[in-house]
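> So here's coords.cif, just mmCIF, C-alpha atoms:
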```
data_my_file
#
loop_
_atom_site.group_PDB
_atom_site.id
_atom_site.type_symbol
_atom_site.label_atom_id
_atom_site.label_comp_id
_atom_site.auth_asym_id
_atom_site.auth_seq_id
_atom_site.Cartn_x
_atom_site.Cartn_y
_atom_site.Cartn_z
ATOM 1 C CA MET A 13 -72.094 -87.537 76.248
ATOM 2 C CA SER A 14 -74.014 -85.756 73.476
ATOM 3 C CA LEU A 15 -73.408 -82.094 72.724
ATOM 4 C CA PRO A 16 -76.114 -79.545 73.544
ATOM 5 C CA ASP A 17 -78.604 -78.541 70.896
ATOM 6 C CA THR A 18 -76.653 -75.349 70.239
ATOM 7 C CA ASP A 19 -73.956 -77.482 68.607
ATOM 8 C CA ALA A 20 -76.257 -79.611 66.451
ATOM 9 C CA ALA A 21 -75.384 -77.569 63.378
ATOM 10 C CA PRO A 22 -72.644 -75.146 64.462
ATOM 11 C CA HIS A 23 -71.872 -72.126 62.311
ATOM 12 C CA ILE A 24 -68.546 -72.673 60.522
ATOM 13 C CA PRO A 25 -66.853 -69.334 59.830
ATOM 14 C CA VAL A 26 -64.492 -68.822 56.918
ATOM 15 C CA LEU A 27 -60.810 -69.782 57.228
ATOM 16 C CA LEU A 28 -61.485 -71.345 60.635
ATOM 17 C CA ASP A 29 -58.547 -73.791 60.565
ATOM 18 C CA GLU A 30 -56.192 -71.052 59.398
ATOM 19 C CA VAL A 31 -57.381 -68.660 62.114
ATOM 20 C CA LEU A 32 -56.877 -71.308 64.803
ATOM 21 C CA ARG A 33 -53.349 -71.982 63.529
ATOM 22 C CA ALA A 34 -52.566 -68.260 63.697
ATOM 23 C CA LEU A 35 -53.949 -68.024 67.245
ATOM 24 C CA ALA A 36 -51.963 -71.069 68.450
ATOM 25 C CA ILE A 37 -54.164 -71.326 71.542
ATOM 26 C CA THR A 38 -52.722 -72.789 74.733
ATOM 27 C CA PRO A 39 -55.425 -74.007 77.152
ATOM 28 C CA GLY A 40 -56.157 -71.433 79.833
ATOM 29 C CA GLU A 41 -55.253 -68.407 77.734
ATOM 30 C CA ILE A 42 -57.646 -65.462 77.464
ATOM 31 C CA HIS A 43 -58.834 -64.761 73.925
ATOM 32 C CA VAL A 44 -61.171 -62.137 72.482
ATOM 33 C CA ASP A 45 -63.579 -62.670 69.607
ATOM 34 C CA GLY A 46 -64.404 -59.104 68.620
ATOM 35 C CA THR A 47 -67.129 -60.112 66.160
ATOM 36 C CA PHE A 48 -69.188 -62.900 67.752
ATOM 37 C CA GLY A 49 -71.870 -63.123 65.051
ATOM 38 C CA ALA A 50 -73.241 -66.671 65.116
ATOM 39 C CA GLY A 51 -70.427 -67.769 67.439
ATOM 40 C CA GLY A 52 -68.364 -69.978 65.140
ATOM 41 C CA TYR A 53 -64.935 -68.623 66.046
ATOM 42 C CA SER A 54 -65.804 -68.281 69.738
ATOM 43 C CA ARG A 55 -66.987 -71.887 69.928
ATOM 44 C CA ALA A 56 -63.825 -73.193 68.248
ATOM 45 C CA MET A 57 -61.602 -71.091 70.498
ATOM 46 C CA ALA A 58 -63.395 -72.366 73.607
ATOM 47 C CA LEU A 59 -63.095 -75.972 72.433
ATOM 48 C CA ALA A 60 -59.343 -75.366 72.023
ATOM 49 C CA GLY A 61 -59.184 -74.480 75.718
ATOM 50 C CA ALA A 62 -59.303 -70.686 75.663
ATOM 51 C CA SER A 63 -61.223 -68.533 78.093
ATOM 52 C CA VAL A 64 -63.237 -66.531 75.559
ATOM 53 C CA PHE A 65 -64.649 -63.027 75.812
ATOM 54 C CA ALA A 66 -66.834 -62.292 72.775
ATOM 55 C CA LEU A 67 -68.161 -58.915 71.671
ATOM 56 C CA ASP A 68 -70.861 -57.889 69.231
ATOM 57 C CA ARG A 69 -72.698 -54.624 68.716
ATOM 58 C CA ASP A 70 -75.725 -56.381 67.222
ATOM 59 C CA PRO A 71 -78.397 -57.040 69.915
ATOM 60 C CA ASP A 72 -79.681 -60.030 67.898
ATOM 61 C CA ALA A 73 -76.264 -61.708 68.051
ATOM 62 C CA ILE A 74 -76.015 -61.178 71.800
ATOM 63 C CA ARG A 75 -79.537 -62.434 72.469
ATOM 64 C CA GLU A 76 -79.368 -65.450 70.170
ATOM 65 C CA GLY A 77 -75.852 -66.388 71.276
ATOM 66 C CA GLN A 78 -76.717 -66.877 74.952
ATOM 67 C CA ALA A 79 -77.267 -70.645 74.718
ATOM 68 C CA LEU A 80 -74.023 -71.277 72.834
ATOM 69 C CA ALA A 81 -72.107 -69.000 75.177
ATOM 70 C CA HIS A 82 -73.511 -70.772 78.243
ATOM 71 C CA ALA A 83 -72.679 -74.198 76.786
ATOM 72 C CA HIS A 84 -69.021 -73.270 76.255
ATOM 73 C CA GLY A 85 -68.324 -70.848 79.104
ATOM 74 C CA ILE A 86 -68.025 -67.867 76.752
ATOM 75 C CA THR A 87 -68.513 -64.393 78.198
ATOM 76 C CA LEU A 88 -70.722 -62.379 75.825
ATOM 77 C CA ILE A 89 -70.384 -58.592 75.857
ATOM 78 C CA ALA A 90 -72.621 -56.134 74.021
ATOM 79 C CA GLY A 91 -70.544 -53.388 72.429
ATOM 80 C CA GLU A 92 -68.332 -52.288 69.555
ATOM 81 C CA PHE A 93 -64.992 -54.029 69.064
ATOM 82 C CA SER A 94 -63.320 -50.612 68.921
ATOM 83 C CA ARG A 95 -64.077 -50.431 72.677
ATOM 84 C CA MET A 96 -62.668 -53.862 73.502
ATOM 85 C CA ALA A 97 -59.913 -52.614 75.818
ATOM 86 C CA GLU A 98 -62.399 -50.523 77.814
ATOM 87 C CA LEU A 99 -65.034 -53.274 77.936
ATOM 88 C CA LEU A 100 -62.505 -55.899 79.044
ATOM 89 C CA ALA A 101 -61.006 -53.557 81.666
ATOM 90 C CA GLU A 102 -64.483 -53.202 83.203
ATOM 91 C CA ARG A 103 -64.310 -56.976 83.787
ATOM 92 C CA GLY A 104 -60.814 -56.899 85.262
ATOM 93 C CA ILE A 105 -59.009 -58.008 82.082
ATOM 94 C CA LYS A 106 -56.039 -55.827 81.147
ATOM 95 C CA LYS A 107 -54.096 -58.149 78.812
ATOM 96 C CA VAL A 108 -55.076 -61.052 76.552
ATOM 97 C CA SER A 109 -53.258 -63.719 74.544
ATOM 98 C CA GLY A 110 -55.229 -63.480 71.331
ATOM 99 C CA ILE A 111 -57.720 -61.334 69.429
ATOM 100 C CA THR A 112 -59.777 -62.362 66.399
ATOM 101 C CA LEU A 113 -61.812 -60.047 64.169
ATOM 102 C CA ASP A 114 -64.103 -61.112 61.314
ATOM 103 C CA ILE A 115 -64.792 -57.788 59.611
ATOM 104 C CA GLY A 116 -67.958 -56.655 57.885
ATOM 105 C CA VAL A 117 -71.550 -57.829 57.751
ATOM 106 C CA SER A 118 -72.448 -61.311 58.988
ATOM 107 C CA SER A 119 -74.384 -63.973 57.106
ATOM 108 C CA MET A 120 -77.173 -63.827 59.685
ATOM 109 C CA GLN A 121 -77.559 -60.084 59.047
ATOM 110 C CA LEU A 122 -77.555 -60.496 55.272
ATOM 111 C CA ASP A 123 -80.060 -63.334 55.347
ATOM 112 C CA ARG A 124 -82.713 -61.427 57.287
ATOM 113 C CA ALA A 125 -84.794 -59.163 55.075
ATOM 114 C CA ASP A 126 -86.050 -57.141 58.041
ATOM 115 C CA ARG A 127 -82.498 -55.921 58.758
ATOM 116 C CA GLY A 128 -82.277 -54.245 55.349
ATOM 117 C CA PHE A 129 -78.689 -55.202 54.477
ATOM 118 C CA SER A 130 -79.361 -57.054 51.233
ATOM 119 C CA PHE A 131 -81.301 -56.530 48.023
ATOM 120 C CA GLN A 132 -81.809 -60.268 47.573
ATOM 121 C CA SER A 133 -85.173 -59.910 49.325
ATOM 122 C CA ASP A 134 -87.178 -56.766 49.981
ATOM 123 C CA GLY A 135 -87.079 -55.208 53.427
ATOM 124 C CA PRO A 136 -86.907 -51.884 55.266
ATOM 125 C CA LEU A 137 -83.899 -49.765 54.340
ATOM 126 C CA LEU A 138 -82.060 -50.015 57.687
ATOM 127 C CA MET A 139 -78.532 -51.603 57.531
ATOM 128 C CA THR A 140 -77.729 -50.694 61.158
ATOM 129 C CA MET A 141 -75.592 -53.292 62.918
ATOM 130 C CA SER A 142 -76.372 -51.934 66.374
ATOM 131 C CA GLN A 143 -80.033 -51.392 65.427
ATOM 132 C CA ASP A 144 -79.927 -47.754 66.484
ATOM 133 C CA GLY A 145 -78.654 -44.455 65.134
ATOM 134 C CA MET A 146 -78.795 -43.288 61.527
ATOM 135 C CA SER A 147 -80.364 -45.802 59.134
ATOM 136 C CA ALA A 148 -79.666 -46.145 55.414
ATOM 137 C CA ALA A 149 -83.026 -44.476 54.708
ATOM 138 C CA ASP A 150 -82.113 -41.564 57.008
ATOM 139 C CA PHE A 151 -78.877 -41.014 55.123
ATOM 140 C CA LEU A 152 -80.243 -41.386 51.599
ATOM 141 C CA ASN A 153 -83.297 -39.222 52.202
ATOM 142 C CA ASN A 154 -81.463 -36.359 53.893
ATOM 143 C CA ALA A 155 -77.889 -36.187 52.601
ATOM 144 C CA SER A 156 -76.911 -33.965 49.692
ATOM 145 C CA GLU A 157 -76.396 -35.469 46.268
ATOM 146 C CA GLU A 158 -72.680 -34.673 46.528
ATOM 147 C CA GLU A 159 -72.324 -36.433 49.877
ATOM 148 C CA ILE A 160 -74.125 -39.528 48.585
ATOM 149 C CA ALA A 161 -71.890 -39.588 45.503
ATOM 150 C CA ASN A 162 -68.763 -39.301 47.650
ATOM 151 C CA VAL A 163 -69.874 -42.207 49.875
ATOM 152 C CA LEU A 164 -70.626 -44.408 46.858
ATOM 153 C CA TYR A 165 -67.240 -43.645 45.327
ATOM 154 C CA ARG A 166 -65.170 -43.883 48.520
ATOM 155 C CA TYR A 167 -66.712 -46.965 50.108
ATOM 156 C CA GLY A 168 -68.160 -48.779 47.104
ATOM 157 C CA GLU A 169 -65.575 -47.779 44.483
ATOM 158 C CA GLU A 170 -68.528 -47.050 42.216
ATOM 159 C CA PRO A 171 -67.138 -45.387 39.045
ATOM 160 C CA ARG A 172 -70.520 -43.827 38.163
ATOM 161 C CA SER A 173 -71.274 -42.598 41.645
ATOM 162 C CA ARG A 174 -72.634 -39.217 40.535
ATOM 163 C CA ARG A 175 -75.163 -40.806 38.214
ATOM 164 C CA VAL A 176 -76.368 -43.135 40.959
ATOM 165 C CA ALA A 177 -76.532 -40.322 43.535
ATOM 166 C CA HIS A 178 -78.590 -38.183 41.160
ATOM 167 C CA ALA A 179 -81.017 -41.057 40.588
ATOM 168 C CA ILE A 180 -81.344 -41.635 44.354
ATOM 169 C CA VAL A 181 -82.136 -37.976 45.049
ATOM 170 C CA ASP A 182 -84.697 -37.940 42.222
ATOM 171 C CA ALA A 183 -86.407 -41.044 43.643
ATOM 172 C CA ARG A 184 -86.770 -39.795 47.234
ATOM 173 C CA PRO A 185 -88.201 -40.819 49.608
ATOM 174 C CA LEU A 186 -86.631 -44.278 49.663
ATOM 175 C CA GLU A 187 -87.805 -46.724 52.334
ATOM 176 C CA ARG A 188 -87.256 -50.281 50.999
ATOM 177 C CA THR A 189 -84.200 -52.242 49.839
ATOM 178 C CA GLY A 190 -86.036 -53.370 46.709
ATOM 179 C CA GLN A 191 -86.875 -49.791 45.848
ATOM 180 C CA LEU A 192 -83.243 -48.684 46.202
ATOM 181 C CA ALA A 193 -81.949 -51.622 44.167
ATOM 182 C CA HIS A 194 -84.410 -50.799 41.364
ATOM 183 C CA VAL A 195 -83.264 -47.157 41.282
ATOM 184 C CA ILE A 196 -79.593 -48.174 41.068
ATOM 185 C CA ARG A 197 -80.174 -50.801 38.388
ATOM 186 C CA ARG A 198 -82.164 -48.368 36.281
ATOM 187 C CA ALA A 199 -79.428 -45.714 36.625
ATOM 188 C CA LEU A 200 -76.590 -48.075 35.685
ATOM 189 C CA GLY A 201 -78.345 -50.458 33.333
ATOM 190 C CA HIS A 202 -78.942 -54.051 34.341
ATOM 191 C CA LYS A 203 -79.339 -57.154 32.202
ATOM 192 C CA PRO A 204 -80.546 -60.449 33.698
ATOM 193 C CA HIS A 205 -77.421 -62.263 32.483
ATOM 194 C CA ASP A 206 -74.996 -59.802 34.131
ATOM 195 C CA LYS A 207 -72.585 -61.657 36.398
ATOM 196 C CA LYS A 208 -72.738 -59.044 39.186
ATOM 197 C CA ASP A 209 -75.732 -56.994 40.196
ATOM 198 C CA PRO A 210 -74.886 -53.271 39.771
ATOM 199 C CA ALA A 211 -76.529 -52.535 43.155
ATOM 200 C CA THR A 212 -73.814 -54.501 44.990
ATOM 201 C CA ARG A 213 -71.259 -51.683 45.216
ATOM 202 C CA ALA A 214 -73.781 -49.077 46.365
ATOM 203 C CA PHE A 215 -75.266 -51.309 49.066
ATOM 204 C CA GLN A 216 -71.768 -52.015 50.385
ATOM 205 C CA ALA A 217 -70.890 -48.318 50.431
ATOM 206 C CA ILE A 218 -74.071 -47.244 52.215
ATOM 207 C CA ARG A 219 -73.710 -50.000 54.818
ATOM 208 C CA ILE A 220 -70.080 -49.077 55.530
ATOM 209 C CA HIS A 221 -70.982 -45.400 55.894
ATOM 210 C CA VAL A 222 -74.022 -45.931 58.129
ATOM 211 C CA ASN A 223 -72.068 -48.186 60.502
ATOM 212 C CA ARG A 224 -68.772 -46.255 60.308
ATOM 213 C CA GLU A 225 -67.121 -49.596 59.646
ATOM 214 C CA LEU A 226 -63.700 -48.414 58.516
ATOM 215 C CA GLU A 227 -63.359 -45.958 61.395
ATOM 216 C CA GLU A 228 -64.399 -48.725 63.790
ATOM 217 C CA LEU A 229 -61.767 -51.027 62.288
ATOM 218 C CA GLU A 230 -59.006 -48.434 62.672
ATOM 219 C CA ARG A 231 -59.891 -47.908 66.328
ATOM 220 C CA ALA A 232 -60.165 -51.658 66.900
ATOM 221 C CA LEU A 233 -56.645 -52.216 65.592
ATOM 222 C CA GLU A 234 -55.308 -49.680 68.067
ATOM 223 C CA ALA A 235 -57.333 -51.248 70.874
ATOM 224 C CA ALA A 236 -55.958 -54.691 70.013
ATOM 225 C CA GLU A 237 -52.415 -53.329 69.996
ATOM 226 C CA ALA A 238 -52.927 -51.998 73.526
ATOM 227 C CA LEU A 239 -54.702 -55.108 74.846
ATOM 228 C CA LEU A 240 -52.431 -57.878 73.535
ATOM 229 C CA GLU A 241 -49.678 -59.143 75.835
ATOM 230 C CA GLU A 242 -46.150 -59.793 74.607
ATOM 231 C CA GLY A 243 -46.402 -62.812 72.314
ATOM 232 C CA GLY A 244 -50.143 -62.266 71.863
ATOM 233 C CA ARG A 245 -51.617 -63.139 68.472
ATOM 234 C CA LEU A 246 -53.849 -61.000 66.280
ATOM 235 C CA ALA A 247 -55.914 -62.625 63.493
ATOM 236 C CA ILE A 248 -58.135 -60.568 61.192
ATOM 237 C CA VAL A 249 -60.382 -61.816 58.389
ATOM 238 C CA SER A 250 -61.564 -59.162 55.932
ATOM 239 C CA PHE A 251 -63.834 -59.413 52.916
ATOM 240 C CA HIS A 252 -63.055 -56.500 50.634
ATOM 241 C CA SER A 253 -60.092 -54.390 49.602
ATOM 242 C CA LEU A 254 -60.928 -51.344 51.721
ATOM 243 C CA GLU A 255 -60.820 -53.367 54.948
ATOM 244 C CA ASP A 256 -57.798 -55.413 53.915
ATOM 245 C CA ARG A 257 -55.872 -52.290 52.929
ATOM 246 C CA ILE A 258 -56.351 -50.800 56.409
ATOM 247 C CA VAL A 259 -55.252 -54.032 58.113
ATOM 248 C CA LYS A 260 -52.267 -54.497 55.799
ATOM 249 C CA GLN A 261 -51.043 -50.917 56.244
ATOM 250 C CA PHE A 262 -51.512 -51.021 60.011
ATOM 251 C CA LEU A 263 -49.513 -54.233 60.409
ATOM 252 C CA ARG A 264 -46.816 -53.067 58.003
ATOM 253 C CA ASN A 265 -46.467 -49.779 59.862
ATOM 254 C CA ARG A 266 -46.509 -51.350 63.306
ATOM 255 C CA SER A 267 -43.960 -54.016 62.334
ATOM 256 C CA GLY A 268 -41.372 -51.541 61.074
ATOM 257 C CA GLY A 269 -42.548 -51.063 57.500
ATOM 258 C CA GLU A 270 -42.716 -47.758 55.673
ATOM 259 C CA GLY A 271 -45.391 -45.096 55.785
ATOM 260 C CA GLY A 272 -48.378 -44.204 57.928
ATOM 261 C CA TRP A 273 -51.411 -46.467 57.926
ATOM 262 C CA SER A 274 -54.244 -43.914 57.959
ATOM 263 C CA ARG A 275 -54.804 -40.270 57.209
ATOM 264 C CA HIS A 276 -56.330 -40.051 60.685
ATOM 265 C CA MET A 277 -53.336 -41.459 62.545
ATOM 266 C CA PRO A 278 -49.813 -40.131 63.245
ATOM 267 C CA GLU A 279 -47.040 -41.014 60.838
ATOM 268 C CA LYS A 280 -44.576 -43.631 61.996
ATOM 269 C CA ARG A 281 -41.293 -42.232 63.322
ATOM 270 C CA ALA A 282 -37.950 -43.844 62.558
ATOM 271 C CA ALA A 283 -37.256 -44.313 66.280
ATOM 272 C CA ASP A 284 -40.451 -46.250 66.967
ATOM 273 C CA ALA A 285 -39.961 -49.808 68.178
ATOM 274 C CA PRO A 286 -42.214 -52.272 66.290
ATOM 275 C CA THR A 287 -45.224 -53.367 68.326
ATOM 276 C CA PHE A 288 -45.803 -56.381 66.059
ATOM 277 C CA ALA A 289 -43.375 -58.899 64.616
ATOM 278 C CA LYS A 290 -43.341 -59.129 60.826
ATOM 279 C CA PRO A 291 -46.892 -60.173 59.830
ATOM 280 C CA THR A 292 -47.584 -63.358 57.921
ATOM 281 C CA LYS A 293 -48.459 -63.293 54.243
ATOM 282 C CA ALA A 294 -52.126 -62.999 53.368
ATOM 283 C CA VAL A 295 -53.975 -66.328 53.579
ATOM 284 C CA ARG A 296 -56.980 -67.176 51.409
ATOM 285 C CA ALA A 297 -59.392 -70.086 51.285
ATOM 286 C CA GLY A 298 -58.469 -73.276 49.448
ATOM 287 C CA GLU A 299 -60.578 -75.035 46.847
ATOM 288 C CA ALA A 300 -62.171 -77.421 49.355
ATOM 289 C CA GLU A 301 -63.480 -74.567 51.499
ATOM 290 C CA LEU A 302 -64.625 -72.592 48.463
ATOM 291 C CA ALA A 303 -66.683 -75.581 47.364
ATOM 292 C CA ARG A 304 -68.376 -75.685 50.778
ATOM 293 C CA ASN A 305 -68.755 -71.951 51.250
ATOM 294 C CA PRO A 306 -68.628 -69.557 48.255
ATOM 295 C CA ARG A 307 -68.578 -66.577 50.666
ATOM 296 C CA ALA A 308 -64.995 -67.537 51.521
ATOM 297 C CA ARG A 309 -63.853 -66.508 48.032
ATOM 298 C CA SER A 310 -63.391 -62.881 49.063
ATOM 299 C CA ALA A 311 -61.931 -63.605 52.518
ATOM 300 C CA THR A 312 -58.360 -62.651 53.431
ATOM 301 C CA LEU A 313 -56.654 -63.535 56.713
ATOM 302 C CA ARG A 314 -53.760 -61.490 58.067
ATOM 303 C CA SER A 315 -52.091 -62.216 61.381
ATOM 304 C CA ALA A 316 -49.202 -61.002 63.495
ATOM 305 C CA VAL A 317 -47.595 -61.473 66.929
ATOM 306 C CA ARG A 318 -47.293 -58.706 69.512
ATOM 307 C CA THR A 319 -43.816 -57.671 70.599
ATOM 308 C CA SER A 320 -42.842 -56.203 73.973
ATOM 309 C CA ALA A 321 -42.730 -52.608 72.654
ATOM 310 C CA PRO A 322 -45.051 -50.247 74.553
ATOM 311 C CA VAL A 323 -47.693 -48.101 72.891
ATOM 312 C CA SER A 324 -47.702 -44.354 73.437
ATOM 313 C CA SER A 325 -50.798 -42.466 74.520
ATOM 314 C CA SER A 326 -51.054 -41.020 70.994
ATOM 315 C CA GLY A 327 -51.576 -44.499 69.567
ATOM 316 C CA SER A 328 -48.154 -44.642 67.905
ATOM 317 C CA PRO A 329 -45.500 -47.082 69.186
ATOM 318 C CA ARG A 330 -42.651 -45.614 71.140
ATOM 319 C CA ALA A 331 -39.075 -46.753 71.525
#
```
Would you kindly transcribe this structure into structure tokens?

Amino acid sequence: MSLPDTDAAPHIPVLLDEVLRALAITPGEIHVDGTFGAGGYSRAMALAGASVFALDRDPDAIREGQALAHAHGITLIAGEFSRMAELLAERGIKKVSGITLDIGVSSMQLDRADRGFSFQSDGPLLMTMSQDGMSAADFLNNASEEEIANVLYRYGEEPRSRRVAHAIVDARPLERTGQLAHVIRRALGHKPHDKKDPATRAFQAIRIHVNRELEELERALEAAEALLEEGGRLAIVSFHSLEDRIVKQFLRNRSGGEGGWSRHMPEKRAADAPTFAKPTKAVRAGEAELARNPRARSATLRSAVRTSAPVSSSGSPRA
């Protein structure tokens, strides 16, 4: 029997084989895909026999994923992955066997000029994953020069953040991605043969700030800790150092390592029982995958297995 049209050219996410190995799906298990996107992970998990609940805060992903979800029995849920425990509880699910998160902006968001995520083609300066709330234009046209500089430095690791912020304020109002990219390039200097466009760091920083991506990730990690059953598997793919650092520190802390994982969260106490077994080493794409998909070059997979230790109401494990 032929597959439905939704599978004619399925989206293949990065590190798919490695993620599936980490999840070790047994048919009949309940798994959560916290970042549905184009549905690549969800589809693979369903084909492996899992009962899949997939979340996405992007209305486009939910709307366009209906056919794929119907074809594979996937339950699509509109909402942030930081709310996964709450959203699953509303559907009678209190524990799951696996959770997968593919952090950051999706290819389908980047490729659509009207979403305003990329400077590769001109579009409105939006960058909102949920398509509501504060847009990139709202932030850039109303924030102080100091606040803009701090965002560029903190989330884009832009060494000349003050120069860029000053140029942005001088160029207000900004409404288009092409306009913003031009302002940044002019402030930093840009030659056609440069390997990396100087606007890259600023666009990343603004997108992360507008969508509160790092705060969402921190809350999602706590939600996953609460939702996973004993022996449950957590697999997270990140695409830049800020995300990976949060994941690495969380797993190290929750598996008995040293130090707290976030300035927002309680420090680990010596008496805490680890809620995750020792996490695996970071996994990155091999040469064959890099040849097929250059986007995989920056991808890092980290995974761990949930122990039986309970989680306290404060979000820190308890003995």
> I need the output of the PyMOL selection byres ((chain A and resi 70) around 8) for this file as a PDB file with C-alpha atoms, in the coordinates of the input; which residues are they?

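Output contents, as saved in expr-v3.pdb:
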```
ATOM      1  CA  ASP A  68     -70.861 -57.889  69.231  1.00  0.00           C
ATOM      2  CA  ARG A  69     -72.698 -54.624  68.716  1.00  0.00           C
ATOM      3  CA  PRO A  71     -78.397 -57.040  69.915  1.00  0.00           C
ATOM      4  CA  ASP A  72     -79.681 -60.030  67.898  1.00  0.00           C
ATOM      5  CA  ALA A  73     -76.264 -61.708  68.051  1.00  0.00           C
ATOM      6  CA  ILE A  74     -76.015 -61.178  71.800  1.00  0.00           C
ATOM      7  CA  ALA A  90     -72.621 -56.134  74.021  1.00  0.00           C
ATOM      8  CA  GLY A  91     -70.544 -53.388  72.429  1.00  0.00           C
ATOM      9  CA  MET A 141     -75.592 -53.292  62.918  1.00  0.00           C
ATOM     10  CA  SER A 142     -76.372 -51.934  66.374  1.00  0.00           C
ATOM     11  CA  GLN A 143     -80.033 -51.392  65.427  1.00  0.00           C
TER      12      GLN A 143
END
```
> For this file, the PyMOL selection byres ((chain A and resi 106) around 10) selects which residues, as JSON, numbers by chain?
{"A": [97, 98, 99, 100, 101, 102, 103, 104, 105, 107, 108, 238, 239, 240, 241]}
> Write out as an MDAnalysis selection string each polymer residue whose atoms come within 10 Å of Gln191 in chain A, counting all atoms listed in the file; drop sequence neighbours fewer than 2 positions from it.
chainID A and resid 131 134:137 180 183 185:189 193:196
> What's around Ala179 in chain A at 10 Å? Count all atoms listed in the file, leave out sequence neighbours fewer than 3 positions away in its own chain, and write the answer as number ranges by chain.
A: 157, 173-176, 182-184, 192, 195-196, 198-200
> For the provided coordinates, the residues matched by the PyMOL selection byres ((chain A and resi 309) around 12) should be stated as a list of chain:residue names.
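Matching residues under the PyMOL selection byres ((chain A and resi 309) around 12) are A:Val26, A:Leu27, A:Val249, A:Ser250, A:Phe251, A:His252, A:Val295, A:Arg296, A:Ala297, A:Gly298, A:Glu299, A:Ala300, A:Glu301, A:Leu302, A:Ala303, A:Arg304, A:Asn305, A:Pro306, A:Arg307, A:Ala308, A:Ser310, A:Ala311, A:Thr312, A:Leu313.
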> By how many Å are CA of Ala316 in chain A and CA of Lys290 in chain A apart?
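We find that CA of Ala316 in chain A and CA of Lys290 in chain A lie 6.7 Å from each other.
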> What is the distance between CA of Ile248 in chain A and CA of Ser130 in chain A, in Å to one decimal?
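Atom-to-atom, CA of Ile248 in chain A and CA of Ser130 in chain A are spaced 23.7 Å apart.
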> Which distance in Å separates CA of Leu138 in chain A and CA of Arg75 in chain A, to one decimal?
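Separation between CA of Leu138 in chain A and CA of Arg75 in chain A: 19.5 Å.
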